[in-house]
$ cat input.cif   # mmCIF, C-alpha atoms
data_final
loop_
_atom_site.label_atom_id
_atom_site.label_comp_id
_atom_site.auth_asym_id
_atom_site.auth_seq_id
_atom_site.Cartn_x
_atom_site.Cartn_y
_atom_site.Cartn_z
CA MET I 8 -17.71 7.47 -14.09
CA THR I 9 -20.73 5.49 -15.17
CA PRO I 10 -22.38 6.43 -18.48
CA ASN I 11 -25.56 7.48 -16.66
CA PRO I 12 -24.51 9.37 -13.54
CA ALA I 13 -26.76 8.83 -10.56
CA ARG I 14 -26.68 9.50 -6.87
CA VAL I 15 -24.15 7.62 -4.80
CA LEU I 16 -24.62 6.98 -1.08
CA ALA I 17 -21.48 6.71 1.04
CA ILE I 18 -21.49 4.94 4.38
CA ASP I 19 -18.88 5.41 7.08
CA TYR I 20 -19.36 2.10 8.89
CA GLY I 21 -19.22 1.95 12.68
CA ARG I 22 -20.51 -0.36 15.38
CA ARG I 23 -22.62 2.36 17.00
CA ARG I 24 -23.31 4.73 14.11
CA LEU I 25 -23.38 4.90 10.32
CA GLY I 26 -22.26 8.19 8.83
CA LEU I 27 -24.04 8.86 5.54
CA ALA I 28 -23.22 11.21 2.68
CA LEU I 29 -24.88 11.69 -0.69
CA SER I 30 -23.65 12.81 -4.09
CA ASP I 31 -25.56 15.07 -6.40
CA GLU I 32 -27.23 13.56 -9.49
CA LEU I 33 -24.20 14.33 -11.67
CA GLY I 34 -21.74 12.69 -9.30
CA LEU I 35 -19.77 15.91 -8.83
CA THR I 36 -20.28 16.83 -5.18
CA ALA I 37 -20.45 15.01 -1.86
CA GLN I 38 -22.58 16.35 0.97
CA PRO I 39 -22.96 14.99 4.49
CA LEU I 40 -26.50 13.59 4.83
CA THR I 41 -27.08 12.26 8.34
CA THR I 42 -25.79 9.95 11.00
CA LEU I 43 -27.80 6.83 11.67
CA ALA I 44 -27.64 5.51 15.24
CA ARG I 45 -27.49 1.74 14.88
CA THR I 46 -30.09 -0.38 16.60
CA ASN I 47 -30.18 -3.77 14.91
CA ARG I 48 -29.54 -5.12 11.41
CA ARG I 49 -33.17 -5.17 10.36
CA ASP I 50 -33.84 -1.57 11.43
CA ASP I 51 -30.53 -0.38 9.95
CA LEU I 52 -31.43 -1.95 6.58
CA ARG I 53 -34.97 -0.55 6.75
CA CYS I 54 -33.62 2.98 7.29
CA LEU I 55 -31.07 2.58 4.52
CA ARG I 56 -33.70 1.20 2.14
CA GLU I 57 -35.90 4.24 2.83
CA LEU I 58 -33.03 6.69 2.24
CA VAL I 59 -32.06 4.91 -0.98
CA ARG I 60 -35.64 5.10 -2.23
CA ARG I 61 -36.19 8.72 -1.18
CA HIS I 62 -32.97 9.99 -2.78
CA GLY I 63 -32.88 7.78 -5.89
CA VAL I 64 -29.55 6.19 -4.98
CA GLN I 65 -28.12 3.89 -7.67
CA ARG I 66 -24.81 2.90 -6.05
CA ILE I 67 -23.52 2.57 -2.50
CA ILE I 68 -19.97 2.79 -1.29
CA VAL I 69 -18.91 1.60 2.15
CA GLY I 70 -15.75 2.82 3.83
CA HIS I 71 -13.25 0.00 4.23
CA PRO I 72 -11.23 0.77 7.38
CA LEU I 73 -7.83 -0.63 6.47
CA HIS I 74 -4.77 -0.15 8.67
CA LEU I 75 -2.24 2.42 7.53
CA ASP I 76 -0.07 -0.39 6.13
CA GLY I 77 -3.01 -1.54 3.96
CA SER I 78 -3.82 -4.68 5.94
CA ALA I 79 -7.38 -5.51 6.93
CA GLY I 80 -8.30 -5.87 10.58
CA GLU I 81 -11.45 -6.78 12.48
CA MET I 82 -13.35 -3.60 11.54
CA ALA I 83 -12.48 -4.07 7.86
CA ALA I 84 -13.94 -7.58 7.98
CA GLU I 85 -17.10 -6.24 9.67
CA ALA I 86 -17.45 -3.50 7.05
CA ALA I 87 -17.04 -6.07 4.25
CA ARG I 88 -19.78 -8.28 5.75
CA PHE I 89 -22.01 -5.22 6.15
CA ALA I 90 -21.40 -4.22 2.51
CA ALA I 91 -22.27 -7.74 1.29
CA ARG I 92 -25.43 -7.72 3.41
CA ILE I 93 -26.70 -4.38 2.07
CA GLU I 94 -25.84 -5.35 -1.51
CA LYS I 95 -27.96 -8.48 -1.15
CA GLN I 96 -30.83 -6.80 0.70
CA LEU I 97 -31.03 -3.57 -1.33
CA SER I 98 -30.19 -5.10 -4.74
CA LEU I 99 -27.79 -2.26 -5.57
CA PRO I 100 -24.12 -2.35 -6.46
CA VAL I 101 -22.01 -1.84 -3.33
CA GLU I 102 -18.31 -1.13 -3.40
CA LEU I 103 -15.80 -1.13 -0.56
CA VAL I 104 -13.63 1.99 -0.66
CA ASP I 105 -10.42 2.64 1.28
CA GLU I 106 -11.24 5.09 4.05
CA ARG I 107 -7.86 5.48 5.72
CA LEU I 108 -7.64 8.77 7.60
CA SER I 109 -11.16 9.89 6.57
CA SER I 110 -12.32 10.26 10.19
CA TRP I 111 -9.15 12.16 11.05
CA GLU I 112 -9.69 14.50 8.09
CA ALA I 113 -13.35 14.97 9.03
CA GLU I 114 -12.35 15.80 12.59
CA GLN I 115 -9.85 18.38 11.35
CA MET I 116 -12.45 19.94 9.04
CA LEU I 117 -15.02 20.17 11.82
CA ALA I 118 -12.47 21.63 14.23
CA VAL I 119 -11.57 24.35 11.74
CA LYS I 120 -15.25 25.04 11.08
CA GLU I 121 -16.01 25.22 14.81
CA ALA I 122 -13.04 27.51 15.49
CA TYR I 123 -14.10 29.78 12.61
CA SER I 124 -17.71 29.85 13.82
CA ALA I 125 -16.63 30.61 17.38
CA GLU I 126 -14.40 33.41 16.15
CA ARG I 127 -17.18 34.87 14.06
CA ARG I 128 -19.53 34.78 17.05
CA GLY I 129 -16.95 36.52 19.19
CA LEU I 130 -16.44 33.45 21.36
CA ALA I 131 -12.84 32.73 20.47
CA ARG I 132 -11.69 33.50 24.00
CA ARG I 133 -14.14 31.08 25.60
CA GLN I 134 -13.95 27.34 25.43
CA GLY I 135 -15.59 25.94 22.25
CA GLY I 136 -19.23 24.97 21.92
CA ARG I 137 -20.90 21.65 22.68
CA GLY I 138 -18.96 18.61 21.62
CA VAL I 139 -15.72 20.57 21.46
CA ARG I 140 -12.87 20.77 23.91
CA ARG I 141 -9.58 22.56 23.82
CA ARG I 142 -6.50 20.53 24.58
CA ARG I 143 -3.34 22.24 25.71
CA GLY I 144 -0.98 22.53 22.78
CA ARG I 145 -3.23 20.59 20.38
CA GLY I 146 -6.00 23.00 19.44
CA VAL I 147 -9.65 22.03 19.09
CA ARG I 148 -10.83 18.44 19.01
CA ILE I 149 -14.37 17.29 18.22
CA GLN I 150 -15.34 14.41 20.48
CA GLU I 151 -17.64 11.52 19.61
CA SER I 152 -19.77 13.78 17.47
CA PRO I 153 -22.26 12.21 15.07
CA LYS I 154 -21.25 15.01 12.68
CA ILE I 155 -17.82 13.41 12.38
CA ASP I 156 -19.40 10.23 11.01
CA GLN I 157 -21.36 11.99 8.28
CA MET I 158 -18.43 14.27 7.47
CA ALA I 159 -16.15 11.19 7.22
CA ALA I 160 -18.69 9.66 4.80
CA ALA I 161 -18.54 12.88 2.77
CA VAL I 162 -14.72 12.69 2.69
CA ILE I 163 -14.90 9.06 1.52
CA LEU I 164 -17.45 10.00 -1.15
CA ARG I 165 -15.51 13.08 -2.30
CA ASP I 166 -12.38 10.97 -2.80
CA TYR I 167 -14.36 8.22 -4.57
CA LEU I 168 -16.03 10.69 -6.95
CA GLY I 169 -12.66 12.27 -7.71
CA ARG I 170 -11.14 8.88 -8.56
CA GLU I 171 -14.14 8.00 -10.75
CA ARG I 172 -13.86 11.32 -12.62
CA ALA I 173 -10.13 10.78 -13.12
CA ARG I 174 -10.77 7.24 -14.38
CA ALA I 175 -13.44 8.49 -16.80
CA ASP I 176 -11.18 11.31 -18.02
CA SER I 177 -8.31 8.86 -18.47
CA ALA I 178 -10.50 6.45 -20.46
CA GLU I 179 -11.80 9.32 -22.58
CA SER I 180 -8.26 10.54 -23.24
CA ALA I 181 -7.11 7.05 -24.17
CA ALA I 182 -9.97 6.77 -26.64
CA THR I 183 -9.19 10.10 -28.32
CA ILE I 184 -5.45 9.54 -28.73
CA PRO I 185 -5.80 6.86 -31.43
CA THR I 186 -8.35 9.06 -33.20
CA GLN I 187 -5.94 12.00 -33.12
CA GLN I 188 -3.08 9.79 -34.32
CA ALA I 189 -5.19 8.45 -37.20
CA ARG I 190 -6.19 12.00 -38.18
CA HIS I 191 -2.55 13.07 -38.11
CA LYS I 192 -1.55 10.13 -40.38
CA ARG I 193 -4.37 10.96 -42.83
CA GLU I 194 -3.22 14.58 -42.97
CA GLN I 195 0.38 13.47 -43.59
CA ALA I 196 -0.77 11.12 -46.34
CA ARG I 197 -2.63 13.98 -48.06
CA SER I 198 0.49 16.19 -48.02
#
$ encode --input "input.cif" --output "structure tokens"
Amino acid sequence: MTPNPARVLAIDYGRRRLGLALSDELGLTAQPLTTLARTNRRDDLRCLRELVRRHGVQRIIVGHPLHLDGSAGEMAAEAARFAARIEKQLSLPVELVDERLSSWEAEQMLAVKEAYSAERRGLARRQGGRGVRRRRGRGVRIQESPKIDQMAAAVILRDYLGRERARADSAESAATIPTQQARHKREQARS
């Protein structure tokens, strides 16, 4: 992680919507923020600039929609151009982050949440709420919900923050091992 943790904004890039999620100031948690319905580049950047200012964002990550085999397709190229554009316009570091299966995971999380909520409300026997349909043999599926986009951004951010923490822990461990080895040698020399 960076020496001075700060808020990170995650963007789940889409042609019609941008799912947004925000970390806490310590870079420990990822929370869905909102879904931005896209209009045009200028308005999208204006909205993002306002959110960055309001929340004190210091870094932005953009989901990079790679194919399962790791190759980049048309959407990955669009997301990369979008990331370069916001980096230039907002003057903040922007990083592309692998987002494979983030939308699927978000959909699964929302389906479980919806099923749990319906059960708690005593509606488990009726068909799910708005934006939900039951499919024979496949359970609940959330359709075209803006919540999926912001939840996918939260999944991308959660995974990113976890990798950054692991990297920081690894670097910290690597720095302490030589110190521990040197201390051990000094102790042996004294004996």
$ resolve_selection --input "input.cif" --expression "the PyMOL selection byres ((chain I and resi 57-62) around 10)" --output "list in words"
Arg14, Val15, Leu16, Leu27, Leu29, Ser30, Asp31, Glu32, Leu40, Leu52, Arg53, Cys54, Leu55, Arg56, Gly63, Val64, Gln65, Arg66, Ile67, Leu97 and Leu99 of chain I
$ atom_distance --input "input.cif" --atom1 "CA of Ser177 in chain I" --atom2 "CA of Val162 in chain I"
22.4 Å
$ closest_residue --input "input.cif" --among "I:Thr41, I:Ala79, I:Lys95, I:Ala28" --to "Ala161 in chain I" --atoms "all atoms listed in the file"
I:Ala28
$ atom_distance --input "input.cif" --atom1 "CA of Gly26 in chain I" --atom2 "CA of Ala91 in chain I"
17.6 Å
$ closest_residue --input "input.cif" --among "I:Met158, I:Leu168, I:Ala196, I:Ile68" --to "Pro39 in chain I" --atoms "all atoms listed in the file"
I:Met158
$ atom_distance --input "input.cif" --atom1 "CA of Thr42 in chain I" --atom2 "CA of Glu94 in chain I"
19.8 Å
$ resolve_selection --input "input.cif" --expression "the PyMOL selection byres ((chain I and resi 43) around 6)" --output "PyMOL selection string"
chain I and resi 24-25+42+44
$ axis_aligned_box --input "input.cif" --around "range 82-87 of chain I" --padding-each-side "3 Å" --output "lines of an AutoDock Vina configuration file"
center_x = -15.0
center_y = -5.5
center_z = 7.9
size_x = 11.0
size_y = 10.1
size_z = 13.3
$ residues_around --input "input.cif" --residues "Glu81 in chain I" --least-positions-apart "6" --cutoff "12 Å" --atoms "all atoms listed in the file" --output "MDAnalysis selection string"
chainID I and resid 21:22 71:74 87:88
$ closest_residue --input "input.cif" --among "I:Asp176, I:Asp19, I:Asp51, I:Glu194" --to "Val104 in chain I" --atoms "all atoms listed in the file"
I:Asp19
$ closest_residue --input "input.cif" --among "I:Glu106, I:Val69, I:Arg172, I:Ile155" --to "Ala90 in chain I" --atoms "all atoms listed in the file"
I:Val69
$ build_atoms --input "input.cif" --residues "range 22-41 of chain I" --atoms "N, CA and C atoms" --output "PDB file, keeping the file's coordinate frame"
ATOM      1  N   ARG I  22     -19.685   0.544  14.573  1.00  0.00           N
ATOM      2  CA  ARG I  22     -20.510  -0.360  15.380  1.00  0.00           C
ATOM      3  C   ARG I  22     -21.700   0.346  16.004  1.00  0.00           C
ATOM      4  N   ARG I  23     -21.535   1.622  16.353  1.00  0.00           N
ATOM      5  CA  ARG I  23     -22.620   2.360  17.000  1.00  0.00           C
ATOM      6  C   ARG I  23     -23.378   3.284  16.053  1.00  0.00           C
ATOM      7  N   ARG I  24     -22.681   3.773  15.023  1.00  0.00           N
ATOM      8  CA  ARG I  24     -23.310   4.730  14.110  1.00  0.00           C
ATOM      9  C   ARG I  24     -22.857   4.472  12.686  1.00  0.00           C
ATOM     10  N   LEU I  25     -23.713   4.893  11.743  1.00  0.00           N
ATOM     11  CA  LEU I  25     -23.380   4.900  10.320  1.00  0.00           C
ATOM     12  C   LEU I  25     -23.414   6.352   9.861  1.00  0.00           C
ATOM     13  N   GLY I  26     -22.280   6.858   9.414  1.00  0.00           N
ATOM     14  CA  GLY I  26     -22.260   8.190   8.830  1.00  0.00           C
ATOM     15  C   GLY I  26     -22.659   8.068   7.375  1.00  0.00           C
ATOM     16  N   LEU I  27     -23.534   8.941   6.912  1.00  0.00           N
ATOM     17  CA  LEU I  27     -24.040   8.860   5.540  1.00  0.00           C
ATOM     18  C   LEU I  27     -23.790  10.174   4.804  1.00  0.00           C
ATOM     19  N   ALA I  28     -23.406  10.052   3.553  1.00  0.00           N
ATOM     20  CA  ALA I  28     -23.220  11.210   2.680  1.00  0.00           C
ATOM     21  C   ALA I  28     -23.804  10.858   1.318  1.00  0.00           C
ATOM     22  N   LEU I  29     -24.194  11.883   0.574  1.00  0.00           N
ATOM     23  CA  LEU I  29     -24.880  11.690  -0.690  1.00  0.00           C
ATOM     24  C   LEU I  29     -24.260  12.565  -1.765  1.00  0.00           C
ATOM     25  N   SER I  30     -24.132  12.007  -2.962  1.00  0.00           N
ATOM     26  CA  SER I  30     -23.650  12.810  -4.090  1.00  0.00           C
ATOM     27  C   SER I  30     -24.835  13.512  -4.738  1.00  0.00           C
ATOM     28  N   ASP I  31     -24.523  14.480  -5.578  1.00  0.00           N
ATOM     29  CA  ASP I  31     -25.560  15.070  -6.400  1.00  0.00           C
ATOM     30  C   ASP I  31     -25.838  14.115  -7.571  1.00  0.00           C
ATOM     31  N   GLU I  32     -26.834  14.443  -8.398  1.00  0.00           N
ATOM     32  CA  GLU I  32     -27.230  13.560  -9.490  1.00  0.00           C
ATOM     33  C   GLU I  32     -26.130  13.398 -10.543  1.00  0.00           C
ATOM     34  N   LEU I  33     -25.257  14.392 -10.670  1.00  0.00           N
ATOM     35  CA  LEU I  33     -24.200  14.330 -11.670  1.00  0.00           C
ATOM     36  C   LEU I  33     -22.936  13.651 -11.146  1.00  0.00           C
ATOM     37  N   GLY I  34     -22.911  13.338  -9.874  1.00  0.00           N
ATOM     38  CA  GLY I  34     -21.740  12.690  -9.300  1.00  0.00           C
ATOM     39  C   GLY I  34     -20.557  13.643  -9.163  1.00  0.00           C
ATOM     40  N   LEU I  35     -20.839  14.918  -8.938  1.00  0.00           N
ATOM     41  CA  LEU I  35     -19.770  15.910  -8.830  1.00  0.00           C
ATOM     42  C   LEU I  35     -19.452  16.292  -7.393  1.00  0.00           C
ATOM     43  N   THR I  36     -20.481  16.363  -6.550  1.00  0.00           N
ATOM     44  CA  THR I  36     -20.280  16.830  -5.180  1.00  0.00           C
ATOM     45  C   THR I  36     -20.700  15.783  -4.161  1.00  0.00           C
ATOM     46  N   ALA I  37     -20.124  15.899  -2.977  1.00  0.00           N
ATOM     47  CA  ALA I  37     -20.450  15.010  -1.860  1.00  0.00           C
ATOM     48  C   ALA I  37     -20.891  15.876  -0.687  1.00  0.00           C
ATOM     49  N   GLN I  38     -22.053  15.589  -0.163  1.00  0.00           N
ATOM     50  CA  GLN I  38     -22.580  16.350   0.970  1.00  0.00           C
ATOM     51  C   GLN I  38     -22.901  15.413   2.117  1.00  0.00           C
ATOM     52  N   PRO I  39     -22.539  15.789   3.352  1.00  0.00           N
ATOM     53  CA  PRO I  39     -22.960  14.990   4.490  1.00  0.00           C
ATOM     54  C   PRO I  39     -24.488  14.915   4.507  1.00  0.00           C
ATOM     55  N   LEU I  40     -25.045  13.759   4.820  1.00  0.00           N
ATOM     56  CA  LEU I  40     -26.500  13.590   4.830  1.00  0.00           C
ATOM     57  C   LEU I  40     -27.020  13.490   6.253  1.00  0.00           C
ATOM     58  N   THR I  41     -26.615  12.457   6.965  1.00  0.00           N
ATOM     59  CA  THR I  41     -27.080  12.260   8.340  1.00  0.00           C
ATOM     60  C   THR I  41     -26.214  11.200   8.995  1.00  0.00           C
TER      61      THR I  41
END
